[in-house]
Every structure is written in C-alpha cells, then in structure tokens.
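Peer 1: This is the content of final.csv (CSV, C-alpha atoms):
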```csv
chain,number,residue,atom,x,y,z
T,1,MET,CA,-0.1,-31.9,20.8
T,2,ALA,CA,-3.2,-32.9,22.8
T,3,PHE,CA,-5.3,-35.4,21.0
T,4,GLU,CA,-8.6,-34.1,22.3
T,5,ILE,CA,-11.6,-32.8,20.4
T,6,ASP,CA,-13.3,-29.9,22.2
T,7,LEU,CA,-15.6,-27.8,20.1
T,8,SER,CA,-16.9,-25.7,23.0
T,9,GLY,CA,-17.7,-22.2,21.8
T,10,LYS,CA,-18.0,-23.2,18.2
T,11,VAL,CA,-21.1,-22.9,16.1
T,12,ALA,CA,-21.7,-25.7,13.6
T,13,VAL,CA,-24.2,-25.6,10.7
T,14,VAL,CA,-25.3,-28.9,9.4
T,15,THR,CA,-27.6,-29.1,6.3
T,16,GLY,CA,-29.7,-32.2,5.9
T,17,GLY,CA,-29.2,-32.6,9.7
T,18,SER,CA,-32.6,-34.1,10.7
T,19,ARG,CA,-32.0,-37.7,9.7
T,20,GLY,CA,-29.5,-40.4,8.6
T,21,ILE,CA,-25.9,-39.4,8.4
T,22,GLY,CA,-26.7,-35.7,9.1
T,23,ARG,CA,-28.4,-36.6,12.4
T,24,ALA,CA,-25.5,-38.6,13.5
T,25,ILE,CA,-23.1,-35.7,12.6
T,26,VAL,CA,-25.3,-33.3,14.6
T,27,ARG,CA,-25.2,-35.6,17.6
T,28,GLY,CA,-21.5,-36.0,17.4
T,29,LEU,CA,-20.8,-32.3,17.1
T,30,SER,CA,-23.0,-31.6,20.0
T,31,GLU,CA,-21.3,-34.2,22.2
T,32,ALA,CA,-18.0,-32.5,21.3
T,33,GLY,CA,-19.4,-29.2,22.7
T,34,ALA,CA,-20.5,-27.4,19.6
T,35,THR,CA,-23.7,-25.4,19.3
T,36,VAL,CA,-25.4,-26.8,16.3
T,37,ALA,CA,-27.7,-25.1,13.8
T,38,ILE,CA,-29.8,-28.0,12.3
T,39,ALA,CA,-31.1,-27.2,8.8
T,40,SER,CA,-33.6,-29.4,6.9
T,41,ARG,CA,-36.9,-29.3,5.0
T,42,LYS,CA,-38.3,-31.4,7.9
T,43,ILE,CA,-38.5,-28.7,10.5
T,44,ALA,CA,-40.4,-30.8,13.0
T,45,SER,CA,-37.6,-33.4,12.9
T,46,CYS,CA,-35.1,-30.6,13.4
T,47,GLU,CA,-37.0,-29.3,16.4
T,48,ALA,CA,-37.3,-32.8,17.9
T,49,LEU,CA,-33.5,-33.1,17.6
T,50,VAL,CA,-33.0,-29.7,19.2
T,51,GLU,CA,-35.0,-31.0,22.2
T,52,GLU,CA,-33.0,-34.2,22.4
T,53,LEU,CA,-29.7,-32.3,22.5
T,54,ALA,CA,-31.0,-29.8,25.0
T,55,ALA,CA,-32.0,-32.7,27.3
T,56,ARG,CA,-28.4,-33.7,27.2
T,57,GLY,CA,-27.1,-30.3,28.0
T,58,GLY,CA,-26.4,-29.2,24.4
T,59,LYS,CA,-27.4,-26.0,22.6
T,60,ALA,CA,-29.0,-26.1,19.1
T,61,SER,CA,-31.4,-24.4,16.8
T,62,ALA,CA,-33.8,-25.7,14.1
T,63,HIS,CA,-34.0,-24.1,10.7
T,64,ALA,CA,-36.4,-24.8,7.8
T,65,PHE,CA,-34.2,-25.2,4.8
T,66,ASP,CA,-34.7,-26.3,1.2
T,67,ALA,CA,-31.3,-27.0,-0.3
T,68,ALA,CA,-32.7,-26.5,-3.8
T,69,SER,CA,-33.4,-22.8,-3.0
T,70,TRP,CA,-30.7,-20.2,-3.4
T,71,GLU,CA,-32.8,-17.8,-1.3
T,72,ASP,CA,-33.0,-20.4,1.5
T,73,CYS,CA,-29.2,-20.6,1.6
T,74,ASP,CA,-29.1,-16.8,2.1
T,75,ARG,CA,-31.8,-17.0,4.7
T,76,LEU,CA,-30.1,-19.8,6.6
T,77,PHE,CA,-26.9,-17.7,6.7
T,78,ALA,CA,-28.8,-14.7,8.0
T,79,ASP,CA,-30.6,-16.7,10.6
T,80,VAL,CA,-27.5,-18.4,12.0
T,81,THR,CA,-25.7,-15.0,12.1
T,82,GLU,CA,-28.6,-13.4,13.9
T,83,ARG,CA,-29.1,-16.2,16.4
T,84,TRP,CA,-25.5,-17.3,17.1
T,85,GLY,CA,-23.3,-14.5,15.7
T,86,GLY,CA,-22.1,-16.6,12.8
T,87,GLY,CA,-20.8,-20.0,12.0
T,88,ASP,CA,-17.4,-21.6,12.7
T,89,ILE,CA,-18.1,-25.0,11.1
T,90,LEU,CA,-20.2,-25.8,8.0
T,91,ILE,CA,-21.2,-29.3,7.0
T,92,ASN,CA,-22.7,-29.4,3.6
T,93,ASN,CA,-24.5,-32.6,4.0
T,94,ALA,CA,-27.9,-32.0,2.2
T,95,GLY,CA,-28.3,-34.3,-0.7
T,96,LYS,CA,-30.8,-36.1,-3.0
T,97,SER,CA,-30.2,-39.1,-5.2
T,98,PRO,CA,-33.3,-39.9,-7.3
T,99,VAL,CA,-32.7,-42.3,-10.1
T,100,GLU,CA,-34.5,-41.7,-13.4
T,101,PRO,CA,-35.4,-44.6,-15.7
T,102,SER,CA,-32.6,-43.6,-18.1
T,103,SER,CA,-30.5,-40.6,-19.0
T,104,VAL,CA,-32.6,-39.8,-22.1
T,105,GLU,CA,-35.7,-39.8,-19.9
T,106,THR,CA,-34.2,-37.4,-17.3
T,107,GLY,CA,-35.9,-34.1,-17.7
T,108,LYS,CA,-34.6,-30.6,-17.3
T,109,ASP,CA,-36.4,-29.9,-14.0
T,110,ALA,CA,-35.1,-33.2,-12.5
T,111,PHE,CA,-31.6,-32.5,-13.6
T,112,ASP,CA,-31.6,-28.9,-12.3
T,113,HIS,CA,-33.1,-30.0,-9.0
T,114,ILE,CA,-30.4,-32.6,-8.4
T,115,ILE,CA,-27.6,-30.1,-9.2
T,116,ALA,CA,-29.2,-27.5,-7.0
T,117,VAL,CA,-29.6,-29.7,-4.0
T,118,ASN,CA,-26.2,-31.5,-4.2
T,119,LEU,CA,-23.9,-28.9,-5.6
T,120,ARG,CA,-25.3,-25.4,-5.8
T,121,SER,CA,-26.3,-25.2,-2.2
T,122,ALA,CA,-22.8,-26.2,-1.1
T,123,PHE,CA,-21.4,-23.5,-3.3
T,124,ARG,CA,-23.6,-20.7,-1.9
T,125,LEU,CA,-23.3,-21.7,1.7
T,126,SER,CA,-19.5,-22.2,1.5
T,127,ALA,CA,-19.2,-18.7,-0.1
T,128,LEU,CA,-21.3,-17.0,2.6
T,129,PHE,CA,-20.0,-18.8,5.7
T,130,GLY,CA,-16.5,-19.1,4.3
T,131,ALA,CA,-16.2,-15.4,3.8
T,132,GLN,CA,-17.6,-14.8,7.2
T,133,MET,CA,-15.1,-17.2,8.8
T,134,VAL,CA,-12.2,-15.3,7.1
T,135,GLU,CA,-13.4,-12.1,8.8
T,136,ARG,CA,-13.8,-13.9,12.2
T,137,ASP,CA,-11.4,-16.4,13.8
T,138,GLY,CA,-11.3,-18.9,10.9
T,139,GLY,CA,-13.2,-22.1,10.6
T,140,ALA,CA,-13.7,-25.4,8.8
T,141,ILE,CA,-16.0,-26.5,6.0
T,142,VAL,CA,-16.7,-30.1,5.1
T,143,ASN,CA,-18.5,-31.2,2.0
T,144,ILE,CA,-20.2,-34.6,2.1
T,145,SER,CA,-19.7,-36.3,-1.2
T,146,SER,CA,-20.3,-40.0,-2.2
T,147,THR,CA,-18.3,-42.9,-3.7
T,148,GLY,CA,-21.0,-42.7,-6.4
T,149,SER,CA,-18.9,-39.8,-7.8
T,150,LEU,CA,-16.1,-42.4,-8.4
T,151,LYS,CA,-18.2,-45.4,-9.4
T,152,PRO,CA,-21.4,-44.0,-10.9
T,153,GLU,CA,-24.2,-46.4,-11.7
T,154,ALA,CA,-26.2,-46.3,-15.0
T,155,ALA,CA,-28.7,-43.4,-15.2
T,156,PHE,CA,-27.0,-41.9,-12.2
T,157,ALA,CA,-25.1,-39.2,-14.0
T,158,PRO,CA,-26.6,-36.0,-12.6
T,159,TYR,CA,-26.1,-37.0,-9.0
T,160,ALA,CA,-22.7,-38.5,-9.6
T,161,ALA,CA,-21.6,-35.4,-11.4
T,162,ALA,CA,-22.9,-33.1,-8.7
T,163,LYS,CA,-21.0,-35.1,-6.0
T,164,ALA,CA,-17.9,-35.0,-8.1
T,165,GLY,CA,-18.3,-31.3,-8.4
T,166,LEU,CA,-18.0,-31.0,-4.6
T,167,HIS,CA,-14.4,-32.1,-4.9
T,168,VAL,CA,-13.7,-29.2,-7.1
T,169,LEU,CA,-15.5,-26.8,-4.8
T,170,THR,CA,-13.5,-28.1,-1.9
T,171,GLN,CA,-10.2,-27.4,-3.6
T,172,SER,CA,-11.3,-24.0,-5.0
T,173,PHE,CA,-12.6,-22.8,-1.6
T,174,ALA,CA,-9.5,-24.2,0.2
T,175,LYS,CA,-7.4,-21.9,-2.0
T,176,GLU,CA,-9.7,-18.9,-1.8
T,177,TYR,CA,-10.3,-18.9,2.0
T,178,GLY,CA,-7.0,-20.3,3.3
T,179,PRO,CA,-5.1,-20.1,5.5
T,180,LYS,CA,-7.8,-19.1,8.0
T,181,VAL,CA,-10.5,-21.6,6.7
T,182,ARG,CA,-9.8,-25.3,6.0
T,183,VAL,CA,-12.1,-26.9,3.4
T,184,ASN,CA,-12.2,-30.7,3.0
T,185,THR,CA,-14.4,-33.5,1.6
T,186,VAL,CA,-15.6,-36.6,3.4
T,187,MET,CA,-16.8,-39.2,0.9
T,188,PRO,CA,-19.1,-41.9,2.4
T,189,GLY,CA,-19.8,-45.2,0.6
T,190,PRO,CA,-22.9,-47.3,1.2
T,191,PHE,CA,-24.5,-46.4,4.5
T,192,HIS,CA,-27.6,-47.7,6.2
T,193,THR,CA,-30.0,-44.7,6.6
T,194,ASP,CA,-33.7,-43.9,6.4
T,195,GLY,CA,-33.3,-43.1,2.7
T,196,THR,CA,-31.2,-46.1,1.7
T,197,LYS,CA,-32.7,-48.9,3.7
T,198,ALA,CA,-34.7,-50.2,0.8
T,199,TRP,CA,-31.5,-51.4,-0.9
T,200,SER,CA,-28.9,-51.2,1.8
T,201,ARG,CA,-30.8,-53.8,4.0
T,202,SER,CA,-31.5,-56.0,1.0
T,203,ASP,CA,-30.2,-59.5,0.7
T,204,GLY,CA,-28.7,-58.6,-2.6
T,205,PHE,CA,-26.6,-55.8,-1.3
T,206,ALA,CA,-25.5,-57.8,1.8
T,207,ASP,CA,-24.4,-60.7,-0.4
T,208,HIS,CA,-22.5,-58.3,-2.7
T,209,ALA,CA,-20.8,-56.5,0.2
T,210,ARG,CA,-19.7,-59.8,1.8
T,211,LYS,CA,-18.1,-61.0,-1.5
T,212,HIS,CA,-16.6,-57.8,-2.8
T,213,GLN,CA,-16.1,-55.2,-0.1
T,214,PRO,CA,-13.1,-55.5,2.2
T,215,LEU,CA,-15.2,-54.9,5.3
T,216,GLY,CA,-18.1,-56.9,3.9
T,217,ARG,CA,-21.0,-54.6,5.0
T,218,GLY,CA,-22.6,-51.2,4.8
T,219,GLY,CA,-21.9,-48.5,7.3
T,220,GLU,CA,-23.9,-47.2,10.2
T,221,PRO,CA,-24.5,-43.5,10.4
T,222,GLU,CA,-22.5,-43.2,13.6
T,223,GLU,CA,-19.4,-44.5,11.8
T,224,ILE,CA,-19.1,-41.2,9.8
T,225,VAL,CA,-18.8,-39.1,12.9
T,226,GLY,CA,-15.1,-39.7,13.7
T,227,ALA,CA,-14.1,-38.5,10.2
T,228,ILE,CA,-16.2,-35.3,10.7
T,229,LEU,CA,-14.8,-34.5,14.1
T,230,TYR,CA,-11.3,-35.0,12.7
T,231,MET,CA,-11.9,-32.7,9.8
T,232,VAL,CA,-13.3,-29.8,11.9
T,233,SER,CA,-11.0,-30.1,14.9
T,234,GLY,CA,-7.3,-29.2,15.5
T,235,LEU,CA,-6.4,-32.8,14.8
T,236,SER,CA,-6.5,-31.9,11.1
T,237,SER,CA,-4.9,-28.5,11.4
T,238,TYR,CA,-2.6,-29.2,8.4
T,239,VAL,CA,-5.3,-30.8,6.2
T,240,THR,CA,-7.1,-28.8,3.6
T,241,GLY,CA,-8.3,-29.5,0.1
T,242,ALA,CA,-8.4,-33.2,0.9
T,243,CYS,CA,-10.9,-36.0,0.5
T,244,LEU,CA,-11.3,-38.6,3.2
T,245,THR,CA,-13.1,-41.8,2.1
T,246,VAL,CA,-15.3,-43.6,4.6
T,247,ASP,CA,-16.7,-46.5,2.8
T,248,GLY,CA,-15.6,-49.9,4.1
T,249,GLY,CA,-13.4,-50.3,1.0
T,250,HIS,CA,-16.3,-49.8,-1.4
T,251,ALA,CA,-14.2,-47.6,-3.7
T,252,ILE,CA,-11.7,-50.4,-4.2
T,253,SER,CA,-14.2,-53.2,-4.4
T,254,LYS,CA,-14.7,-55.2,-7.6
```
Would you write the structure of this file as structure tokens?
Peer 2:
Amino acid sequence: MAFEIDLSGKVAVVTGGSRGIGRAIVRGLSEAGATVAIASRKIASCEALVEELAARGGKASAHAFDAASWEDCDRLFADVTERWGGGDILINNAGKSPVEPSSVETGKDAFDHIIAVNLRSAFRLSALFGAQMVERDGGAIVNISSTGSLKPEAAFAPYAAAKAGLHVLTQSFAKEYGPKVRVNTVMPGPFHTDGTKAWSRSDGFADHARKHQPLGRGGEPEEIVGAILYMVSGLSSYVTGACLTVDGGHAISK
C-alpha cells in the first residue's frame, strides 16, 4: 500500500472555509491536489482564498453560504454540481458557538440558530452530497465536531448538544451511504483561530493548558490538516463511523 495522499481529480466542499480551521483545511486539500469549493458567509474572504490557491496552481471556487439556511444548503449543492460536476469530499466545518448568559436566558431564536448552523446544515449537505456520491464513484464526508461535546461548559448546552449530534449523524450516514461513502468525525479541542483568540491567547488559558493538558498548549489551525487528509484519502479506506480527536489531550485533561 502506497502511503501517499493524492487528491487530484477530486472535488472537495468545505463549509466555513474562509478562515481559521476551515481555511487551513482548504489549503491542505488544495496542496494535495483537490479542487476546492470554499463556502462561507464571507464571500470576499472566499474569493481572496481562491486567488491565493490559483497563484499556487490550484483550482477553487467561492460560494456565498449561510449555514443557518436550509435553502443555502440546497443552493450550494446545486452550484457545486453545476460548476464542478459534483462533490467527492464534503467537510462540514461551519460552526458557531455564542455563549448566552445562562440557559434560562437563552431564547428560542438563539437556540434554533445554533442548532441550524452546527447540526442542521451538516445533515442537509451530507444528505445531498452523500446521495450524489453513492451515484458516482463514492466519496468521503467529515464532520467537524468539538471536545465541547464531551466536556460542555455552563450555559453552553445548545452548542455542545449540536456538536454531539454530529457524532450521531456520522454513524447514521456511514450506515446509509456505505460502502461507497465513508463518513467520519474529526473532533478538535482548543485551537487558536480568529474566532477564539480572545480566550485561547489569554494568560489564563495558557496557564491552564500548561498545568492540565498533556501537550500543554492550544493547537494551530494547520495542525488539523493531517487528520482531514487521512480521513478523506485512501489511508483511511477501512475507517467509517469513527471519531478522531485532535486536541492536545484536552479531552483527558483534568
């Protein structure tokens, strides 16, 4: 078996791909040879990333996408199918983790929005692209969860529940679309990104990580890429319905 990752000829769809972990995943997939459909609410950032990849010889497209919208999921599927003929890889990375003052102060609209962004979009896109992959040459779906689904903080219930729900989607779709489509979860822990730097770069977090996490620090976005490439390539050909934790030992920390 050749231990080489070559995604040439594959079309990968990455939601939330314009920044943070998503941007690192987009770059990694492109460097491995995939054509990447970058989907995000920040279309200008998607377009800038397309230009960056093109300058390096890669192929990509930018798609305006609101993960809270069922209709946008349908439109993204239609756009990718029209532009590239369909998708071979789907990375459900779009997420949002607002923290309300307390559970009793969490309103219906806030709850519904968190579930829609983090869970419902992954369901709809997996259903659409997964069914398409079955009709084509197969493919791979990766859901990006969070160690927050295992160790939820106070007033964090909707987000943690949505991310925990991704594990259920992973196993259900692995059964529904196997053997042609493999579906897995990658579960990041604390990473330094644009959206987390307010706390992940704080002295308090750094001190806690040094004392309680085995690797003693937060992750850099590029450190998620190896797990993604493993899950979407032939190296994981006998892996489906699984969850790979990439967290510096956060899940087992005190």
Peer 1: Of the candidates T:Ala94, T:Val246, T:Ala162, T:Leu235, which one gets nearest to Glu220 of chain T if we count only C-alpha atoms?
Peer 2: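 Smallest separation from Glu220 of chain T among the options: T:Val246.
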Peer 1: Considering only C-alpha atoms, can you say which of T:Asp74, T:Glu100, T:Asp137, T:Glu31 comes closest to Phe123 of chain T?
Peer 2: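 For Phe123 of chain T, the nearest of the given residues is T:Asp74.
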Peer 1: What does the distance between atom CA of Gly16 of chain T and atom CA of Ser172 of chain T come to in Å, to one decimal place?
Peer 2: 22.9 Å
Peer 1: Quick one: residues within 12 Å of Leu166 of chain T, only C-alpha atoms counted, chain neighbours fewer than 2 positions away excluded, as JSON, numbers by chain?
Peer 2: {"T": [92, 93, 95, 115, 116, 117, 118, 119, 120, 121, 122, 123, 126, 141, 142, 143, 144, 145, 146, 147, 149, 159, 160, 161, 162, 163, 164, 168, 169, 170, 171, 172, 173, 174, 183, 184, 185, 186, 187, 241, 242, 243]}
Peer 1: Select, from T:Asp88, T:Glu153, T:Glu71, T:Glu4, the residue with the minimum atom-to-atom distance to Arg136 of chain T, counting only C-alpha atoms.
Peer 2: T:Asp88
Peer 1: Compile the contact shell of Gly178 of chain T as a PyMOL selection string: residues with an atom at most 10 Å away, counting only C-alpha atoms, same-chain residues fewer than 2 positions apart removed.
Peer 2: chain T and resi 130+134+138-139+173-176+180-183+240-241
Peer 1: Of the candidates T:Val99, T:Ala64, T:Val13, T:Ala206, which shows the shortest atom-to-atom distance to Ala154 of chain T, using only C-alpha atoms?
Peer 2: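 Smallest separation from Ala154 of chain T among the options: T:Val99.
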